[in-house]
Structure formats: structure tokens, C-alpha cells
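Content type TSV, N, CA and C atoms and all ligand atoms, from the file start.tsv:
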```tsv
chain	number	residue	atom	x	y	z
A	1	MET	N	0.84	-1.20	0.00
A	1	MET	CA	0.00	0.00	0.00
A	1	MET	C	0.88	1.25	0.00
A	2	LYS	N	0.34	2.30	-0.54
A	2	LYS	CA	1.09	3.55	-0.59
A	2	LYS	C	1.35	4.07	0.83
A	3	ILE	N	2.53	4.62	1.03
A	3	ILE	CA	2.89	5.25	2.30
A	3	ILE	C	3.06	6.75	2.06
A	4	VAL	N	2.38	7.52	2.90
A	4	VAL	CA	2.52	8.97	2.86
A	4	VAL	C	3.11	9.37	4.21
A	5	TYR	N	4.11	10.26	4.20
A	5	TYR	CA	4.71	10.58	5.49
A	5	TYR	C	5.03	12.07	5.61
A	6	ALA	N	5.13	12.50	6.87
A	6	ALA	CA	5.58	13.85	7.18
A	6	ALA	C	6.78	13.74	8.09
A	7	SER	N	7.77	14.56	7.83
A	7	SER	CA	8.98	14.53	8.64
A	7	SER	C	9.59	15.92	8.63
A	8	ARG	N	9.87	16.48	9.81
A	8	ARG	CA	10.48	17.81	9.86
A	8	ARG	C	11.98	17.72	10.11
A	9	THR	N	12.37	16.89	11.07
A	9	THR	CA	13.80	16.86	11.42
A	9	THR	C	14.48	15.57	10.97
A	10	GLY	N	13.74	14.71	10.26
A	10	GLY	CA	14.39	13.57	9.60
A	10	GLY	C	14.15	12.20	10.22
A	11	ASN	N	13.57	12.14	11.44
A	11	ASN	CA	13.39	10.82	12.06
A	11	ASN	C	12.44	9.93	11.26
A	12	VAL	N	11.30	10.48	10.90
A	12	VAL	CA	10.32	9.67	10.17
A	12	VAL	C	10.89	9.32	8.79
A	13	GLU	N	11.57	10.27	8.19
A	13	GLU	CA	12.17	10.00	6.87
A	13	GLU	C	13.16	8.85	6.96
A	14	SER	N	13.97	8.83	8.02
A	14	SER	CA	14.95	7.76	8.18
A	14	SER	C	14.25	6.42	8.41
A	15	LEU	N	13.13	6.48	9.15
A	15	LEU	CA	12.33	5.27	9.36
A	15	LEU	C	11.82	4.73	8.02
A	16	ILE	N	11.31	5.62	7.20
A	16	ILE	CA	10.78	5.21	5.90
A	16	ILE	C	11.90	4.59	5.04
A	17	GLU	N	13.07	5.21	5.10
A	17	GLU	CA	14.20	4.67	4.32
A	17	GLU	C	14.56	3.27	4.81
A	18	SER	N	14.54	3.07	6.13
A	18	SER	CA	14.88	1.75	6.69
A	18	SER	C	13.86	0.69	6.27
A	19	LEU	N	12.63	1.10	6.05
A	19	LEU	CA	11.59	0.14	5.69
A	19	LEU	C	11.70	-0.31	4.24
A	20	ASP	N	12.43	0.48	3.46
A	20	ASP	CA	12.67	0.09	2.07
A	20	ASP	C	11.36	-0.08	1.29
A	21	ILE	N	10.49	0.90	1.39
A	21	ILE	CA	9.19	0.83	0.71
A	21	ILE	C	9.30	1.59	-0.61
A	22	GLU	N	8.77	0.98	-1.65
A	22	GLU	CA	8.88	1.63	-2.96
A	22	GLU	C	7.92	2.81	-3.12
A	23	ASP	N	6.66	2.55	-2.73
A	23	ASP	CA	5.60	3.50	-3.05
A	23	ASP	C	5.35	4.47	-1.89
A	24	HIS	N	6.11	5.55	-1.87
A	24	HIS	CA	5.92	6.50	-0.78
A	24	HIS	C	6.14	7.93	-1.26
A	25	PHE	N	5.53	8.88	-0.57
A	25	PHE	CA	5.90	10.27	-0.82
A	25	PHE	C	5.72	11.11	0.44
A	26	LYS	N	6.42	12.22	0.44
A	26	LYS	CA	6.47	13.09	1.61
A	26	LYS	C	5.48	14.24	1.48
A	27	ILE	N	4.79	14.52	2.55
A	27	ILE	CA	3.93	15.71	2.60
A	27	ILE	C	4.84	16.91	2.81
A	28	GLU	N	4.74	17.87	1.92
A	28	GLU	CA	5.56	19.08	2.06
A	28	GLU	C	4.72	20.22	2.60
A	29	ASP	N	3.70	20.64	1.85
A	29	ASP	CA	2.89	21.77	2.30
A	29	ASP	C	1.44	21.39	2.62
A	30	GLY	N	1.09	20.15	2.39
A	30	GLY	CA	-0.28	19.71	2.69
A	30	GLY	C	-1.23	19.82	1.52
A	31	ASN	N	-0.76	20.37	0.41
A	31	ASN	CA	-1.65	20.52	-0.76
A	31	ASN	C	-1.63	19.31	-1.69
A	32	GLU	N	-0.84	18.32	-1.35
A	32	GLU	CA	-0.72	17.12	-2.19
A	32	GLU	C	-2.07	16.38	-2.24
A	33	ILE	N	-2.26	15.65	-3.33
A	33	ILE	CA	-3.50	14.88	-3.51
A	33	ILE	C	-3.16	13.41	-3.67
A	34	VAL	N	-3.91	12.56	-2.99
A	34	VAL	CA	-3.75	11.11	-3.14
A	34	VAL	C	-5.08	10.53	-3.60
A	35	ASN	N	-5.00	9.61	-4.56
A	35	ASN	CA	-6.23	9.01	-5.10
A	35	ASN	C	-6.29	7.51	-4.88
A	36	GLU	N	-5.61	7.03	-3.86
A	36	GLU	CA	-5.63	5.59	-3.57
A	36	GLU	C	-5.42	5.41	-2.06
A	37	ASP	N	-5.73	4.20	-1.58
A	37	ASP	CA	-5.56	3.91	-0.16
A	37	ASP	C	-4.11	4.12	0.28
A	38	TYR	N	-3.94	4.60	1.50
A	38	TYR	CA	-2.57	4.82	2.00
A	38	TYR	C	-2.53	4.73	3.53
A	39	LEU	N	-1.30	4.48	4.02
A	39	LEU	CA	-1.01	4.58	5.45
A	39	LEU	C	-0.20	5.85	5.66
A	40	LEU	N	-0.49	6.53	6.75
A	40	LEU	CA	0.18	7.79	7.06
A	40	LEU	C	1.20	7.59	8.18
A	41	PHE	N	2.42	8.08	7.96
A	41	PHE	CA	3.43	8.16	9.02
A	41	PHE	C	3.58	9.64	9.36
A	42	THR	N	3.50	9.96	10.63
A	42	THR	CA	3.67	11.36	11.02
A	42	THR	C	4.48	11.48	12.31
A	43	TYR	N	5.02	12.65	12.52
A	43	TYR	CA	5.63	12.97	13.81
A	43	TYR	C	4.59	13.70	14.67
A	44	THR	N	4.92	13.97	15.91
A	44	THR	CA	4.03	14.73	16.81
A	44	THR	C	4.66	16.09	17.06
A	45	ASP	N	3.85	17.13	17.04
A	45	ASP	CA	4.35	18.50	17.18
A	45	ASP	C	3.75	19.16	18.42
A	46	GLY	N	4.25	20.35	18.74
A	46	GLY	CA	3.71	21.13	19.85
A	46	GLY	C	3.65	20.30	21.12
A	47	PHE	N	2.48	20.18	21.70
A	47	PHE	CA	2.29	19.29	22.84
A	47	PHE	C	1.16	18.33	22.46
A	48	GLY	N	1.54	17.26	21.81
A	48	GLY	CA	0.56	16.26	21.38
A	48	GLY	C	-0.21	16.66	20.14
A	49	ASP	N	0.33	17.58	19.35
A	49	ASP	CA	-0.42	18.10	18.19
A	49	ASP	C	-0.09	17.38	16.88
A	50	VAL	N	-1.08	17.39	16.00
A	50	VAL	CA	-0.89	16.93	14.63
A	50	VAL	C	-0.15	18.06	13.89
A	51	PRO	N	0.95	17.76	13.20
A	51	PRO	CA	1.66	18.81	12.46
A	51	PRO	C	0.72	19.54	11.48
A	52	TYR	N	0.96	20.82	11.33
A	52	TYR	CA	0.08	21.66	10.50
A	52	TYR	C	-0.08	21.12	9.08
A	53	GLU	N	1.04	20.75	8.44
A	53	GLU	CA	0.96	20.30	7.05
A	53	GLU	C	0.17	18.99	6.94
A	54	VAL	N	0.19	18.20	8.03
A	54	VAL	CA	-0.56	16.94	8.03
A	54	VAL	C	-2.06	17.23	8.17
A	55	GLU	N	-2.39	18.19	9.02
A	55	GLU	CA	-3.80	18.61	9.13
A	55	GLU	C	-4.32	19.09	7.79
A	56	GLN	N	-3.52	19.91	7.12
A	56	GLN	CA	-3.93	20.43	5.81
A	56	GLN	C	-4.14	19.29	4.82
A	57	PHE	N	-3.19	18.36	4.83
A	57	PHE	CA	-3.24	17.22	3.91
A	57	PHE	C	-4.50	16.39	4.17
A	58	LEU	N	-4.77	16.11	5.43
A	58	LEU	CA	-5.91	15.25	5.77
A	58	LEU	C	-7.25	15.93	5.48
A	59	ASP	N	-7.24	17.24	5.52
A	59	ASP	CA	-8.47	17.99	5.19
A	59	ASP	C	-9.07	17.55	3.86
A	60	HIS	N	-8.22	17.21	2.88
A	60	HIS	CA	-8.75	16.84	1.57
A	60	HIS	C	-8.33	15.46	1.10
A	61	ASN	N	-7.69	14.67	1.99
A	61	ASN	CA	-7.29	13.31	1.57
A	61	ASN	C	-7.70	12.24	2.57
A	62	ALA	N	-8.60	12.54	3.45
A	62	ALA	CA	-8.90	11.60	4.54
A	62	ALA	C	-9.64	10.35	4.06
A	63	SER	N	-10.33	10.45	2.93
A	63	SER	CA	-11.19	9.32	2.55
A	63	SER	C	-10.39	8.05	2.23
A	64	TYR	N	-9.14	8.19	1.83
A	64	TYR	CA	-8.33	7.01	1.50
A	64	TYR	C	-7.40	6.57	2.65
A	65	LEU	N	-7.47	7.29	3.74
A	65	LEU	CA	-6.59	6.98	4.88
A	65	LEU	C	-7.01	5.67	5.55
A	66	LYS	N	-6.07	4.73	5.71
A	66	LYS	CA	-6.39	3.42	6.30
A	66	LYS	C	-5.80	3.22	7.68
A	67	GLY	N	-4.81	4.02	8.05
A	67	GLY	CA	-4.22	3.86	9.38
A	67	GLY	C	-3.06	4.83	9.54
A	68	VAL	N	-2.63	5.00	10.80
A	68	VAL	CA	-1.56	5.95	11.07
A	68	VAL	C	-0.49	5.30	11.94
A	69	ILE	N	0.76	5.64	11.63
A	69	ILE	CA	1.91	5.24	12.44
A	69	ILE	C	2.57	6.54	12.88
A	70	VAL	N	2.85	6.65	14.17
A	70	VAL	CA	3.22	7.96	14.70
A	70	VAL	C	4.55	7.89	15.43
A	71	SER	N	5.34	8.93	15.24
A	71	SER	CA	6.60	9.07	15.96
A	71	SER	C	6.49	10.19	16.99
A	72	GLY	N	7.12	9.97	18.13
A	72	GLY	CA	7.15	11.00	19.16
A	72	GLY	C	8.37	10.79	20.03
A	73	ASP	N	8.35	11.47	21.16
A	73	ASP	CA	9.46	11.38	22.10
A	73	ASP	C	8.86	11.24	23.50
A	74	GLN	N	9.32	10.21	24.22
A	74	GLN	CA	8.76	9.92	25.55
A	74	GLN	C	8.93	11.11	26.50
A	75	GLY	N	9.88	11.99	26.20
A	75	GLY	CA	10.11	13.16	27.04
A	75	GLY	C	8.89	14.07	27.13
A	76	TYR	N	7.95	13.91	26.23
A	76	TYR	CA	6.73	14.74	26.23
A	76	TYR	C	5.63	14.14	27.10
A	77	GLY	N	5.98	13.10	27.82
A	77	GLY	CA	5.06	12.54	28.82
A	77	GLY	C	3.72	12.14	28.25
A	78	GLU	N	2.66	12.70	28.82
A	78	GLU	CA	1.31	12.29	28.40
A	78	GLU	C	1.00	12.67	26.95
A	79	ALA	N	1.79	13.57	26.39
A	79	ALA	CA	1.57	13.97	24.99
A	79	ALA	C	2.33	13.07	24.02
A	80	TYR	N	2.95	12.00	24.57
A	80	TYR	CA	3.74	11.11	23.72
A	80	TYR	C	2.89	10.57	22.57
A	81	CYS	N	3.32	10.84	21.37
A	81	CYS	CA	2.70	10.30	20.15
A	81	CYS	C	1.20	10.62	20.01
A	82	GLN	N	0.76	11.65	20.68
A	82	GLN	CA	-0.68	11.93	20.65
A	82	GLN	C	-1.22	12.34	19.29
A	83	ALA	N	-0.34	12.77	18.40
A	83	ALA	CA	-0.83	13.09	17.05
A	83	ALA	C	-1.52	11.87	16.45
A	84	GLY	N	-0.95	10.70	16.71
A	84	GLY	CA	-1.55	9.46	16.19
A	84	GLY	C	-2.91	9.18	16.81
A	85	ASP	N	-3.03	9.41	18.10
A	85	ASP	CA	-4.33	9.19	18.77
A	85	ASP	C	-5.38	10.16	18.22
A	86	LYS	N	-4.96	11.39	18.01
A	86	LYS	CA	-5.91	12.41	17.51
A	86	LYS	C	-6.40	12.08	16.10
A	87	ILE	N	-5.47	11.68	15.25
A	87	ILE	CA	-5.85	11.33	13.87
A	87	ILE	C	-6.75	10.10	13.89
A	88	SER	N	-6.39	9.13	14.72
A	88	SER	CA	-7.18	7.90	14.82
A	88	SER	C	-8.63	8.22	15.21
A	89	LYS	N	-8.77	9.09	16.19
A	89	LYS	CA	-10.10	9.43	16.68
A	89	LYS	C	-10.88	10.25	15.64
A	90	GLN	N	-10.23	11.24	15.11
A	90	GLN	CA	-10.93	12.15	14.19
A	90	GLN	C	-11.36	11.45	12.90
A	91	TYR	N	-10.50	10.53	12.39
A	91	TYR	CA	-10.80	9.93	11.09
A	91	TYR	C	-11.22	8.47	11.18
A	92	ASN	N	-11.36	8.00	12.44
A	92	ASN	CA	-11.84	6.64	12.65
A	92	ASN	C	-11.00	5.58	11.92
A	93	VAL	N	-9.69	5.69	12.11
A	93	VAL	CA	-8.75	4.70	11.55
A	93	VAL	C	-7.86	4.25	12.70
A	94	PRO	N	-7.27	3.04	12.60
A	94	PRO	CA	-6.42	2.60	13.71
A	94	PRO	C	-5.08	3.33	13.79
A	95	CYS	N	-4.64	3.57	15.03
A	95	CYS	CA	-3.26	4.01	15.25
A	95	CYS	C	-2.46	2.72	15.38
A	96	LEU	N	-1.70	2.39	14.35
A	96	LEU	CA	-1.11	1.05	14.20
A	96	LEU	C	0.17	0.85	14.99
A	97	TYR	N	0.91	1.92	15.22
A	97	TYR	CA	2.18	1.77	15.92
A	97	TYR	C	2.68	3.13	16.39
A	98	LYS	N	3.26	3.13	17.63
A	98	LYS	CA	3.90	4.35	18.15
A	98	LYS	C	5.38	4.06	18.27
A	99	VAL	N	6.18	4.96	17.74
A	99	VAL	CA	7.62	4.74	17.72
A	99	VAL	C	8.34	5.97	18.28
A	100	GLU	N	9.38	5.71	19.07
A	100	GLU	CA	10.13	6.85	19.61
A	100	GLU	C	11.20	7.29	18.61
A	101	ASN	N	11.11	8.57	18.27
A	101	ASN	CA	12.05	9.20	17.32
A	101	ASN	C	12.19	8.36	16.04
A	102	GLU	N	13.42	7.96	15.66
A	102	GLU	CA	13.56	7.24	14.39
A	102	GLU	C	13.38	5.74	14.56
A	103	GLY	N	13.16	5.28	15.81
A	103	GLY	CA	12.88	3.86	16.06
A	103	GLY	C	14.13	3.01	16.14
A	104	SER	N	13.98	1.86	16.81
A	104	SER	CA	15.07	0.89	16.92
A	104	SER	C	14.91	-0.15	15.81
A	105	LYS	N	15.87	-1.05	15.72
A	105	LYS	CA	15.76	-2.12	14.74
A	105	LYS	C	14.50	-2.96	15.00
A	106	GLN	N	14.23	-3.15	16.29
A	106	GLN	CA	13.03	-3.93	16.65
A	106	GLN	C	11.75	-3.21	16.20
A	107	ASP	N	11.71	-1.90	16.38
A	107	ASP	CA	10.55	-1.13	15.91
A	107	ASP	C	10.37	-1.32	14.40
A	108	ILE	N	11.48	-1.24	13.69
A	108	ILE	CA	11.39	-1.34	12.23
A	108	ILE	C	10.84	-2.71	11.82
A	109	ASP	N	11.30	-3.75	12.51
A	109	ASP	CA	10.78	-5.10	12.22
A	109	ASP	C	9.28	-5.17	12.51
A	110	GLU	N	8.87	-4.57	13.64
A	110	GLU	CA	7.45	-4.60	14.01
A	110	GLU	C	6.60	-3.82	13.01
A	111	ILE	N	7.09	-2.67	12.61
A	111	ILE	CA	6.35	-1.84	11.65
A	111	ILE	C	6.21	-2.56	10.32
A	112	ARG	N	7.28	-3.25	9.93
A	112	ARG	CA	7.22	-4.05	8.69
A	112	ARG	C	6.06	-5.04	8.75
A	113	LYS	N	5.95	-5.72	9.91
A	113	LYS	CA	4.87	-6.71	10.07
A	113	LYS	C	3.51	-6.04	9.99
A	114	VAL	N	3.38	-4.90	10.66
A	114	VAL	CA	2.09	-4.19	10.70
A	114	VAL	C	1.67	-3.77	9.30
A	115	ILE	N	2.59	-3.20	8.53
A	115	ILE	CA	2.17	-2.67	7.24
A	115	ILE	C	1.98	-3.77	6.20
A	116	ARG	N	2.58	-4.92	6.46
A	116	ARG	CA	2.39	-6.06	5.56
A	116	ARG	C	0.93	-6.52	5.54
A	117	CYS	N	0.20	-6.25	6.60
A	117	CYS	CA	-1.22	-6.67	6.71
A	117	CYS	C	-2.13	-5.82	5.82
A	118	PHE	N	-1.59	-4.77	5.23
A	118	PHE	CA	-2.44	-3.89	4.42
A	118	PHE	C	-2.17	-4.06	2.94
B	1	LIG	C1	8.83	21.45	18.72
B	1	LIG	C2	8.65	19.96	18.95
B	1	LIG	C3	7.53	19.51	19.60
B	1	LIG	C4	7.35	18.14	19.84
B	1	LIG	N1	6.23	17.71	20.52
B	1	LIG	C5	6.06	16.39	20.77
B	1	LIG	C6	4.93	15.92	21.51
B	1	LIG	O1	4.06	16.67	21.95
B	1	LIG	N2	4.82	14.59	21.73
B	1	LIG	C7	5.75	13.68	21.29
B	1	LIG	O2	5.58	12.49	21.52
B	1	LIG	N3	6.84	14.12	20.58
B	1	LIG	C8	7.01	15.43	20.32
B	1	LIG	N4	8.11	15.86	19.61
B	1	LIG	C9	9.09	14.86	19.15
B	1	LIG	C10	8.96	14.52	17.67
B	1	LIG	O3	7.63	14.21	17.32
B	1	LIG	C11	9.85	13.32	17.37
B	1	LIG	O4	11.20	13.64	17.68
B	1	LIG	C12	9.74	12.86	15.94
B	1	LIG	O5	10.51	11.69	15.78
B	1	LIG	C13	10.19	13.93	14.96
B	1	LIG	O6	10.05	13.40	13.65
B	1	LIG	P1	10.81	14.07	12.39
B	1	LIG	O7	12.31	14.07	12.76
B	1	LIG	O8	10.55	13.14	11.25
B	1	LIG	O9	10.29	15.45	12.20
B	1	LIG	C14	8.32	17.21	19.38
B	1	LIG	C15	9.46	17.68	18.72
B	1	LIG	C16	9.64	19.04	18.51
B	1	LIG	C17	10.89	19.52	17.83
```

Can you present the structure in this file as C-alpha cells?
Ligand SMILES: Cc1cc2nc3c(=O)[nH]c(=O)nc-3n(C[C@H](O)[C@H](O)[C@H](O)COP(=O)(O)O)c2cc1C
Amino acid sequence: MKIVYASRTGNVESLIESLDIEDHFKIEDGNEIVNEDYLLFTYTDGFGDVPYEVEQFLDHNASYLKGVIVSGDQGYGEAYCQAGDKISKQYNVPCLYKVENEGSKQDIDEIRKVIRCF
């Protein structure tokens, strides 16, 4: 399945590279259009917030969204990876995996298994 991702400081991008997925693209300004089912990878911003460009993107691409994988940092406590919870709730899709920063080798293996189901 197509993977769409957002990355500001490179962690999610590095995760995507480690997964070795062919069909992927990066959200830059949120104006991109997708016409097929996809999984979204995003980071968490602010205090548990969905990044602005991801909100913009989902505003007009939510109908094909099948699930979200979210990156965050445990240092944010209760706001850890909350962007994924918010997207899951708002668009009624599963939050498939929470990963800290760029993830460990084990995370990458787990994410591979999760996305293989789609
Ligand atoms: C300004 C800022 C705010 C952040 N807020 C949160 C947060 O509320 N919750 C969380 O889990 N991680 C938070 N993070 C951590 C990032 O989501 C995490 O490092 C992520 O891996 C960044 O992905 P990227 O390098 O692909 O942009 C924040 C990072 C920054 C720089």
C-alpha cells in the first residue's frame, strides 16, 4: 500500500528509508492529492499536536486513509505520540504503531509486520 509521510527533522524520513518501501511520498505543504488507499506516518508536534501540514493534507485526503503510524518522544510525557491518537479518533482509523524518534531495529521489524497486513 502507498505510504505517505511527514517529517520535519528527519526521524520519520529515516524510518521510511529503513523500511525500504517503494511506493511513498512526503507531505511538504499539505496541498498534495492522493487518489488511492494509504497509510500515514507522522511525527508529533507542539504538545501532542498533529503537524500543521498533516492537518492540511488530511483535510482533503482523509477518505483514502487506512491507518496511522506515529513518531514522538517519551520526554513529552502524556503527549507522547498523541498526534496518532488524535488522527485515529478524528478519522476513525487505527493508530497502528507508536515509535520513539527514528525507532530501533526492533521497531522497524514490528512496523514491517504491521504494514504487511495492508
Ligand atoms: C517542537 C517539537 C515539539 C514536539 N512535541 C512532541 C509531543 O508533543 N509529543 C511527542 O511524543 N513528541 C514530540 N516531539 C518529538 C517529535 O515528534 C519526534 O522527535 C519525531 O521523531 C520527529 O520526527 P521528524 O524528525 O521526522 O520530524 C516534538 C518535537 C519538537 C521539535

For ligand LIG 1 (chain B), return the neighbouring residues as number ranges by chain (distance at most 6.5 Å; only N, CA and C atoms and all ligand atoms). A: 6-14, 42-49, 71-77, 79-83, 100-102

Have a look at A:Ile27, A:Ala62, A:Val99, A:Leu39 and name the one nearest to A:Cys117; count only C-alpha atoms.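 Closest candidate: A:Leu39.
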
I'd like to know which of A:Tyr52, A:Lys2, A:Asp23, A:Leu96 is closest to A:Val114, using only N, CA and C atoms.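 Between A:Tyr52, A:Lys2, A:Asp23, A:Leu96, the residue approaching A:Val114 most closely is A:Leu96.
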
Kindly provide, as AutoDock Vina command-line options, the centre and edge lengths (Å, one decimal) of an axis-aligned box around all atoms of stretch 33-43 of chain A given in the file, with 5 Å on each side.
```
--center_x -0.3 --center_y 9.8 --center_z 4.8 --size_x 21.9 --size_y 21.7 --size_z 29.8
```

Neighbour list for A:Asp59 as a list in words, cut-off 12 Å, only C-alpha atoms, skip fewer than 2 positions in-chain: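 In the requested form, the answer reads Gly30, Asn31, Glu32, Ile33, Val34, Tyr52, Glu53, Val54, Glu55, Gln56, Phe57, Asn61, Ala62, Ser63, Tyr64, Leu65, Ile87, Gln90 and Tyr91 of chain A.
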
Could you find all residues in stretch 15-112 of chain A that DSSP calls helix (DSSP H, G or I) from the backbone, and write them as number ranges by chain? A: 15-19, 52-64, 74-79, 82-91, 105-112

Using N, CA and C atoms, can you export the residues from the last selection as a short mmCIF file (atom, residue, chain, number, x, y, z; two decimals), in the frame of the given file?
```
data_model
loop_
_atom_site.label_atom_id
_atom_site.label_comp_id
_atom_site.auth_asym_id
_atom_site.auth_seq_id
_atom_site.Cartn_x
_atom_site.Cartn_y
_atom_site.Cartn_z
N LEU A 15 13.13 6.48 9.15
CA LEU A 15 12.33 5.27 9.36
C LEU A 15 11.82 4.73 8.02
N ILE A 16 11.31 5.62 7.20
CA ILE A 16 10.78 5.21 5.90
C ILE A 16 11.90 4.59 5.04
N GLU A 17 13.07 5.21 5.10
CA GLU A 17 14.20 4.67 4.32
C GLU A 17 14.56 3.27 4.81
N SER A 18 14.54 3.07 6.13
CA SER A 18 14.88 1.75 6.69
C SER A 18 13.86 0.69 6.27
N LEU A 19 12.63 1.10 6.05
CA LEU A 19 11.59 0.14 5.69
C LEU A 19 11.70 -0.31 4.24
N TYR A 52 0.96 20.82 11.33
CA TYR A 52 0.08 21.66 10.50
C TYR A 52 -0.08 21.12 9.08
N GLU A 53 1.04 20.75 8.44
CA GLU A 53 0.96 20.30 7.05
C GLU A 53 0.17 18.99 6.94
N VAL A 54 0.19 18.20 8.03
CA VAL A 54 -0.56 16.94 8.03
C VAL A 54 -2.06 17.23 8.17
N GLU A 55 -2.39 18.19 9.02
CA GLU A 55 -3.80 18.61 9.13
C GLU A 55 -4.32 19.09 7.79
N GLN A 56 -3.52 19.91 7.12
CA GLN A 56 -3.93 20.43 5.81
C GLN A 56 -4.14 19.29 4.82
N PHE A 57 -3.19 18.36 4.83
CA PHE A 57 -3.24 17.22 3.91
C PHE A 57 -4.50 16.39 4.17
N LEU A 58 -4.77 16.11 5.43
CA LEU A 58 -5.91 15.25 5.77
C LEU A 58 -7.25 15.93 5.48
N ASP A 59 -7.24 17.24 5.52
CA ASP A 59 -8.47 17.99 5.19
C ASP A 59 -9.07 17.55 3.86
N HIS A 60 -8.22 17.21 2.88
CA HIS A 60 -8.75 16.84 1.57
C HIS A 60 -8.33 15.46 1.10
N ASN A 61 -7.69 14.67 1.99
CA ASN A 61 -7.29 13.31 1.57
C ASN A 61 -7.70 12.24 2.57
N ALA A 62 -8.60 12.54 3.45
CA ALA A 62 -8.90 11.60 4.54
C ALA A 62 -9.64 10.35 4.06
N SER A 63 -10.33 10.45 2.93
CA SER A 63 -11.19 9.32 2.55
C SER A 63 -10.39 8.05 2.23
N TYR A 64 -9.14 8.19 1.83
CA TYR A 64 -8.33 7.01 1.50
C TYR A 64 -7.40 6.57 2.65
N GLN A 74 9.32 10.21 24.22
CA GLN A 74 8.76 9.92 25.55
C GLN A 74 8.93 11.11 26.50
N GLY A 75 9.88 11.99 26.20
CA GLY A 75 10.11 13.16 27.04
C GLY A 75 8.89 14.07 27.13
N TYR A 76 7.95 13.91 26.23
CA TYR A 76 6.73 14.74 26.23
C TYR A 76 5.63 14.14 27.10
N GLY A 77 5.98 13.10 27.82
CA GLY A 77 5.06 12.54 28.82
C GLY A 77 3.72 12.14 28.25
N GLU A 78 2.66 12.70 28.82
CA GLU A 78 1.31 12.29 28.40
C GLU A 78 1.00 12.67 26.95
N ALA A 79 1.79 13.57 26.39
CA ALA A 79 1.57 13.97 24.99
C ALA A 79 2.33 13.07 24.02
N GLN A 82 0.76 11.65 20.68
CA GLN A 82 -0.68 11.93 20.65
C GLN A 82 -1.22 12.34 19.29
N ALA A 83 -0.34 12.77 18.40
CA ALA A 83 -0.83 13.09 17.05
C ALA A 83 -1.52 11.87 16.45
N GLY A 84 -0.95 10.70 16.71
CA GLY A 84 -1.55 9.46 16.19
C GLY A 84 -2.91 9.18 16.81
N ASP A 85 -3.03 9.41 18.10
CA ASP A 85 -4.33 9.19 18.77
C ASP A 85 -5.38 10.16 18.22
N LYS A 86 -4.96 11.39 18.01
CA LYS A 86 -5.91 12.41 17.51
C LYS A 86 -6.40 12.08 16.10
N ILE A 87 -5.47 11.68 15.25
CA ILE A 87 -5.85 11.33 13.87
C ILE A 87 -6.75 10.10 13.89
N SER A 88 -6.39 9.13 14.72
CA SER A 88 -7.18 7.90 14.82
C SER A 88 -8.63 8.22 15.21
N LYS A 89 -8.77 9.09 16.19
CA LYS A 89 -10.10 9.43 16.68
C LYS A 89 -10.88 10.25 15.64
N GLN A 90 -10.23 11.24 15.11
CA GLN A 90 -10.93 12.15 14.19
C GLN A 90 -11.36 11.45 12.90
N TYR A 91 -10.50 10.53 12.39
CA TYR A 91 -10.80 9.93 11.09
C TYR A 91 -11.22 8.47 11.18
N LYS A 105 15.87 -1.05 15.72
CA LYS A 105 15.76 -2.12 14.74
C LYS A 105 14.50 -2.96 15.00
N GLN A 106 14.23 -3.15 16.29
CA GLN A 106 13.03 -3.93 16.65
C GLN A 106 11.75 -3.21 16.20
N ASP A 107 11.71 -1.90 16.38
CA ASP A 107 10.55 -1.13 15.91
C ASP A 107 10.37 -1.32 14.40
N ILE A 108 11.48 -1.24 13.69
CA ILE A 108 11.39 -1.34 12.23
C ILE A 108 10.84 -2.71 11.82
N ASP A 109 11.30 -3.75 12.51
CA ASP A 109 10.78 -5.10 12.22
C ASP A 109 9.28 -5.17 12.51
N GLU A 110 8.87 -4.57 13.64
CA GLU A 110 7.45 -4.60 14.01
C GLU A 110 6.60 -3.82 13.01
N ILE A 111 7.09 -2.67 12.61
CA ILE A 111 6.35 -1.84 11.65
C ILE A 111 6.21 -2.56 10.32
N ARG A 112 7.28 -3.25 9.93
CA ARG A 112 7.22 -4.05 8.69
C ARG A 112 6.06 -5.04 8.75
#
```

The residue from A:Arg116, A:His24, A:Lys98, A:Lys86 with the smallest atom-to-atom distance to A:Ile69, counting only C-alpha atoms, is A:Lys98

Pick the closest to A:Ile3 from A:Phe41, A:Tyr97, A:Asn92, A:Asp20: which is it, counting only N, CA and C atoms?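 Between A:Phe41, A:Tyr97, A:Asn92, A:Asp20, the residue approaching A:Ile3 most closely is A:Phe41.
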
The distance between atom C of A:Ile108 and atom C of A:Leu19 is 8.0 Å
